[in-house]
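One file, structure36.pdb, is given below (PDB, N, CA and C atoms).
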ATOM      1  N   MET A 643      44.455 124.467 109.898
ATOM      2  CA  MET A 643      44.306 125.442 110.947
ATOM      3  C   MET A 643      45.200 125.053 112.113
ATOM      4  N   ASP A 644      45.640 126.044 112.841
ATOM      5  CA  ASP A 644      46.421 125.822 114.056
ATOM      6  C   ASP A 644      45.492 125.929 115.254
ATOM      7  N   ILE A 645      45.637 124.981 116.180
ATOM      8  CA  ILE A 645      44.833 124.961 117.408
ATOM      9  C   ILE A 645      45.789 124.901 118.597
ATOM     10  N   THR A 646      45.591 125.774 119.568
ATOM     11  CA  THR A 646      46.320 125.698 120.829
ATOM     12  C   THR A 646      45.293 125.481 121.934
ATOM     13  N   ILE A 647      45.543 124.472 122.757
ATOM     14  CA  ILE A 647      44.662 124.160 123.881
ATOM     15  C   ILE A 647      45.456 124.351 125.165
ATOM     16  N   GLN A 648      44.897 125.125 126.086
ATOM     17  CA  GLN A 648      45.533 125.345 127.383
ATOM     18  C   GLN A 648      44.625 124.800 128.476
ATOM     19  N   ASN A 649      45.200 123.980 129.337
ATOM     20  CA  ASN A 649      44.493 123.491 130.519
ATOM     21  C   ASN A 649      44.643 124.565 131.591
ATOM     22  N   ILE A 650      43.587 125.301 131.853
ATOM     23  CA  ILE A 650      43.695 126.399 132.816
ATOM     24  C   ILE A 650      43.404 125.970 134.252
ATOM     25  N   SER A 651      43.152 124.688 134.436
ATOM     26  CA  SER A 651      42.958 124.159 135.785
ATOM     27  C   SER A 651      44.303 124.102 136.510
ATOM     28  N   GLU A 652      44.274 124.281 137.809
ATOM     29  CA  GLU A 652      45.488 124.173 138.617
ATOM     30  C   GLU A 652      45.668 122.780 139.199
ATOM     31  N   ALA A 653      44.673 121.890 139.010
ATOM     32  CA  ALA A 653      44.760 120.571 139.640
ATOM     33  C   ALA A 653      44.329 119.411 138.742
ATOM     34  N   ASN A 654      43.525 119.662 137.703
ATOM     35  CA  ASN A 654      42.935 118.578 136.919
ATOM     36  C   ASN A 654      43.657 118.361 135.593
ATOM     37  N   TYR A 655      43.584 117.137 135.089
ATOM     38  CA  TYR A 655      44.194 116.779 133.812
ATOM     39  C   TYR A 655      43.165 116.857 132.697
ATOM     40  N   VAL A 656      43.635 117.163 131.483
ATOM     41  CA  VAL A 656      42.803 117.168 130.284
ATOM     42  C   VAL A 656      43.400 116.150 129.323
ATOM     43  N   TYR A 657      42.536 115.378 128.666
ATOM     44  CA  TYR A 657      42.958 114.337 127.729
ATOM     45  C   TYR A 657      42.486 114.723 126.337
ATOM     46  N   ILE A 658      43.402 114.701 125.376
ATOM     47  CA  ILE A 658      43.130 115.161 124.021
ATOM     48  C   ILE A 658      43.339 114.011 123.051
ATOM     49  N   GLY A 659      42.427 113.890 122.094
ATOM     50  CA  GLY A 659      42.564 112.830 121.101
ATOM     51  C   GLY A 659      41.464 112.895 120.066
ATOM     52  N   GLY A 660      41.175 111.746 119.472
ATOM     53  CA  GLY A 660      40.145 111.639 118.450
ATOM     54  C   GLY A 660      38.762 111.490 119.049
ATOM     55  N   GLU A 661      37.813 111.130 118.201
ATOM     56  CA  GLU A 661      36.404 111.064 118.593
ATOM     57  C   GLU A 661      36.149 110.155 119.792
ATOM     58  N   GLY A 662      36.896 109.084 119.956
ATOM     59  CA  GLY A 662      36.676 108.147 121.051
ATOM     60  C   GLY A 662      37.553 108.389 122.269
ATOM     61  N   VAL A 663      38.104 109.587 122.414
ATOM     62  CA  VAL A 663      39.017 109.860 123.521
ATOM     63  C   VAL A 663      38.339 109.554 124.860
ATOM     64  N   ASN A 664      39.088 108.896 125.760
ATOM     65  CA  ASN A 664      38.619 108.635 127.120
ATOM     66  C   ASN A 664      39.834 108.627 128.039
ATOM     67  N   LEU A 665      39.631 108.385 129.312
ATOM     68  CA  LEU A 665      40.731 108.482 130.280
ATOM     69  C   LEU A 665      41.784 107.399 130.113
ATOM     70  N   GLN A 666      41.467 106.309 129.408
ATOM     71  CA  GLN A 666      42.431 105.236 129.185
ATOM     72  C   GLN A 666      42.982 105.223 127.757
ATOM     73  N   ASP A 667      42.263 105.799 126.807
ATOM     74  CA  ASP A 667      42.640 105.756 125.395
ATOM     75  C   ASP A 667      42.653 107.182 124.847
ATOM     76  N   PHE A 668      43.806 107.820 124.922
ATOM     77  CA  PHE A 668      43.912 109.221 124.518
ATOM     78  C   PHE A 668      45.218 109.438 123.772
ATOM     79  N   GLY A 669      45.322 110.556 123.094
ATOM     80  CA  GLY A 669      46.541 110.899 122.376
ATOM     81  C   GLY A 669      47.536 111.635 123.259
ATOM     82  N   TYR A 670      47.062 112.631 124.000
ATOM     83  CA  TYR A 670      47.915 113.445 124.860
ATOM     84  C   TYR A 670      47.219 113.707 126.187
ATOM     85  N   ARG A 671      47.997 113.691 127.260
ATOM     86  CA  ARG A 671      47.489 114.104 128.572
ATOM     87  C   ARG A 671      48.105 115.457 128.866
ATOM     88  N   LEU A 672      47.257 116.426 129.089
ATOM     89  CA  LEU A 672      47.704 117.789 129.327
ATOM     90  C   LEU A 672      47.690 118.065 130.827
ATOM     91  N   ASN A 673      48.869 118.297 131.381
ATOM     92  CA  ASN A 673      49.003 118.559 132.813
ATOM     93  C   ASN A 673      48.343 119.885 133.190
ATOM     94  N   PRO A 674      47.983 120.052 134.454
ATOM     95  CA  PRO A 674      47.413 121.323 134.901
ATOM     96  C   PRO A 674      48.330 122.496 134.535
ATOM     97  N   GLY A 675      47.750 123.542 133.972
ATOM     98  CA  GLY A 675      48.510 124.736 133.612
ATOM     99  C   GLY A 675      49.298 124.647 132.321
ATOM    100  N   SER A 676      49.264 123.516 131.635
ATOM    101  CA  SER A 676      50.041 123.321 130.410
ATOM    102  C   SER A 676      49.230 123.660 129.170
ATOM    103  N   ALA A 677      49.948 123.824 128.050
ATOM    104  CA  ALA A 677      49.306 124.073 126.760
ATOM    105  C   ALA A 677      50.004 123.237 125.697
ATOM    106  N   ILE A 678      49.281 122.959 124.602
ATOM    107  CA  ILE A 678      49.831 122.210 123.479
ATOM    108  C   ILE A 678      49.207 122.754 122.202
ATOM    109  N   SER A 679      49.981 122.753 121.119
ATOM    110  CA  SER A 679      49.491 123.240 119.832
ATOM    111  C   SER A 679      49.485 122.120 118.812
ATOM    112  N   PHE A 680      48.501 122.167 117.911
ATOM    113  CA  PHE A 680      48.357 121.187 116.843
ATOM    114  C   PHE A 680      48.114 121.919 115.534
ATOM    115  N   GLU A 681      48.560 121.322 114.447
ATOM    116  CA  GLU A 681      48.225 121.787 113.114
ATOM    117  C   GLU A 681      47.275 120.752 112.524
ATOM    118  N   LEU A 682      46.015 121.107 112.350
ATOM    119  CA  LEU A 682      45.000 120.169 111.871
ATOM    120  C   LEU A 682      44.733 120.389 110.389
ATOM    121  N   PRO A 683      44.910 119.344 109.577
ATOM    122  CA  PRO A 683      44.613 119.470 108.153
ATOM    123  C   PRO A 683      43.126 119.281 107.867
ATOM    124  N   GLY A 684      42.662 119.910 106.798
ATOM    125  CA  GLY A 684      41.301 119.682 106.306
ATOM    126  C   GLY A 684      40.227 119.823 107.356
ATOM    127  N   LYS A 685      39.379 118.802 107.412
ATOM    128  CA  LYS A 685      38.241 118.826 108.337
ATOM    129  C   LYS A 685      38.452 117.902 109.528
ATOM    130  N   ASP A 686      39.707 117.636 109.879
ATOM    131  CA  ASP A 686      39.989 116.802 111.043
ATOM    132  C   ASP A 686      39.420 117.450 112.302
ATOM    133  N   ALA A 687      39.029 116.616 113.241
ATOM    134  CA  ALA A 687      38.453 117.105 114.496
ATOM    135  C   ALA A 687      39.356 116.719 115.661
ATOM    136  N   LEU A 688      39.320 117.511 116.697
ATOM    137  CA  LEU A 688      40.091 117.276 117.906
ATOM    138  C   LEU A 688      39.122 117.336 119.079
ATOM    139  N   TYR A 689      39.260 116.391 120.014
ATOM    140  CA  TYR A 689      38.349 116.303 121.156
ATOM    141  C   TYR A 689      39.152 116.393 122.448
ATOM    142  N   ALA A 690      38.535 116.940 123.486
ATOM    143  CA  ALA A 690      39.180 117.037 124.794
ATOM    144  C   ALA A 690      38.168 116.675 125.877
ATOM    145  N   ILE A 691      38.632 115.897 126.851
ATOM    146  CA  ILE A 691      37.827 115.582 128.031
ATOM    147  C   ILE A 691      38.698 115.821 129.256
ATOM    148  N   ALA A 692      38.087 115.853 130.419
ATOM    149  CA  ALA A 692      38.832 116.073 131.658
ATOM    150  C   ALA A 692      38.540 114.958 132.642
ATOM    151  N   ASP A 693      39.432 114.806 133.633
ATOM    152  CA  ASP A 693      39.235 113.770 134.641
ATOM    153  C   ASP A 693      38.301 114.217 135.760
ATOM    154  N   THR A 694      37.896 115.488 135.748
ATOM    155  CA  THR A 694      37.007 116.027 136.770
ATOM    156  C   THR A 694      35.993 116.961 136.109
ATOM    157  N   ASN A 695      34.736 116.885 136.532
ATOM    158  CA  ASN A 695      33.707 117.770 135.981
ATOM    159  C   ASN A 695      34.073 119.229 136.186
ATOM    160  N   GLU A 696      33.642 120.059 135.277
ATOM    161  CA  GLU A 696      33.806 121.509 135.315
ATOM    162  C   GLU A 696      35.252 121.968 135.172
ATOM    163  N   THR A 697      36.136 121.114 134.653
ATOM    164  CA  THR A 697      37.497 121.536 134.333
ATOM    165  C   THR A 697      37.424 122.435 133.106
ATOM    166  N   MET A 698      38.127 123.550 133.124
ATOM    167  CA  MET A 698      38.057 124.518 132.029
ATOM    168  C   MET A 698      39.322 124.460 131.181
ATOM    169  N   ILE A 699      39.133 124.660 129.867
ATOM    170  CA  ILE A 699      40.260 124.791 128.954
ATOM    171  C   ILE A 699      40.073 126.064 128.142
ATOM    172  N   ALA A 700      41.171 126.562 127.611
ATOM    173  CA  ALA A 700      41.130 127.697 126.688
ATOM    174  C   ALA A 700      41.558 127.179 125.324
ATOM    175  N   VAL A 701      40.873 127.625 124.262
ATOM    176  CA  VAL A 701      41.173 127.175 122.903
ATOM    177  C   VAL A 701      41.418 128.398 122.030
ATOM    178  N   LEU A 702      42.559 128.384 121.321
ATOM    179  CA  LEU A 702      42.899 129.437 120.375
ATOM    180  C   LEU A 702      43.000 128.803 119.000
ATOM    181  N   LYS A 703      42.224 129.296 118.045
ATOM    182  CA  LYS A 703      42.214 128.760 116.685
ATOM    183  C   LYS A 703      42.672 129.853 115.732
ATOM    184  N   THR A 704      43.647 129.533 114.886
ATOM    185  CA  THR A 704      44.108 130.474 113.868
ATOM    186  C   THR A 704      44.211 129.747 112.539
ATOM    187  N   ASN A 705      44.056 130.475 111.458
ATOM    188  CA  ASN A 705      44.203 129.891 110.130
ATOM    189  C   ASN A 705      45.675 129.788 109.774
ATOM    190  N   LEU A 706      46.010 128.759 109.003
ATOM    191  CA  LEU A 706      47.384 128.589 108.555
ATOM    192  C   LEU A 706      47.728 129.651 107.523
ATOM    193  N   GLU A 707      48.993 130.028 107.492
ATOM    194  CA  GLU A 707      49.442 130.973 106.479
ATOM    195  C   GLU A 707      49.570 130.256 105.147
ATOM    196  N   VAL A 708      49.263 130.958 104.086
ATOM    197  CA  VAL A 708      49.381 130.395 102.744
ATOM    198  C   VAL A 708      50.572 131.050 102.066
ATOM    199  N   GLY A 709      51.501 130.217 101.580
ATOM    200  CA  GLY A 709      52.680 130.738 100.892
ATOM    201  C   GLY A 709      52.350 131.217  99.486
ATOM    202  N   ILE A 710      53.144 132.153  99.003
ATOM    203  CA  ILE A 710      52.925 132.686  97.652
ATOM    204  C   ILE A 710      53.932 132.086  96.702
TER     205      ILE A 710
END

Rewrite the structure of this file - the entire thing - as structure tokens.
Amino acid sequence: MDITIQNISEANYVYIGGEGVNLQDFGYRLNPGSAISFELPGKDALYAIADTNETMIAVLKTNLEVGI
């Protein structure tokens, strides 16, 4: 599946990674107003946290295309 995450905050950072994601150990830091897309295989999970409470993100999930 394809996942796009957008940090819709104008001031706060969002941190994206695996199950143990935290402010010091993360895969990606998403700047305010930025977006990033991932292609997740199988049943992999993606986690997001923020550096400030009540930070909002937008998530768009789409299925991968299957070739014929």

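Here atom C of Tyr657 in chain A and CA of Asn673 in chain A stand 10.0 Å from one another.
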
Applied to this file, what does the PyMOL selection byres ((chain A and resi 689) around 7) return in terms of residues, put as a PyMOL selection string? chain A and resi 657-661+663+687-688+690-691

Between atom N of Gly684 in chain A and CA of Asn664 in chain A, what distance in Å does the model show, to one decimal? 23.6 Å

Please list as an mmCIF file with N, CA and C atoms, in the frame of the given file every residue within 7 Å of range 695-697 of chain A, counting all atoms listed in the file and excluding residues in the same chain fewer than 2 positions away.
data_model
loop_
_atom_site.group_PDB
_atom_site.id
_atom_site.type_symbol
_atom_site.label_atom_id
_atom_site.label_comp_id
_atom_site.auth_asym_id
_atom_site.auth_seq_id
_atom_site.Cartn_x
_atom_site.Cartn_y
_atom_site.Cartn_z
ATOM 1 N N ILE A 650 43.587 125.301 131.853
ATOM 2 C CA ILE A 650 43.695 126.399 132.816
ATOM 3 C C ILE A 650 43.404 125.970 134.252
ATOM 4 N N SER A 651 43.152 124.688 134.436
ATOM 5 C CA SER A 651 42.958 124.159 135.785
ATOM 6 C C SER A 651 44.303 124.102 136.510
ATOM 7 N N ASN A 654 43.525 119.662 137.703
ATOM 8 C CA ASN A 654 42.935 118.578 136.919
ATOM 9 C C ASN A 654 43.657 118.361 135.593
ATOM 10 N N ALA A 692 38.087 115.853 130.419
ATOM 11 C CA ALA A 692 38.832 116.073 131.658
ATOM 12 C C ALA A 692 38.540 114.958 132.642
ATOM 13 N N ASP A 693 39.432 114.806 133.633
ATOM 14 C CA ASP A 693 39.235 113.770 134.641
ATOM 15 C C ASP A 693 38.301 114.217 135.760
ATOM 16 N N ILE A 699 39.133 124.660 129.867
ATOM 17 C CA ILE A 699 40.260 124.791 128.954
ATOM 18 C C ILE A 699 40.073 126.064 128.142
#

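Picture a line from CA of Lys685 in chain A to atom N of Gly669 in chain A; it runs 18.3 Å.
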
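Checking A:Met698, A:Val656, A:Leu665, A:Met643 one by one against Ile678 in chain A, counting only C-alpha atoms, you find the shortest gap at A:Val656.
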
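Of the residues under consideration (A:Thr694, A:Asp686, A:Tyr655, A:Val701), A:Tyr655 shows the shortest atom-to-atom contact distance to Pro674 in chain A when counting only C-alpha atoms.
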
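Nearest to Asn705 in chain A of all the residues A:Leu682, A:Ser676, A:Ala653, A:Arg671 is A:Leu682, based on only C-alpha atoms.
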
Enumerate as number ranges by chain all residues of chain A assigned to strand (DSSP E) by DSSP on the backbone, naming them with the chain letters and numbers the document uses. A: 644-649, 656-659, 670-672, 677-681, 689-692, 699-704

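Candidate residues A:Pro683, A:Ala677, A:Asp667, A:Gly662 were compared for distance to Thr646 in chain A, and the nearest is A:Ala677, using all atoms listed in the file.
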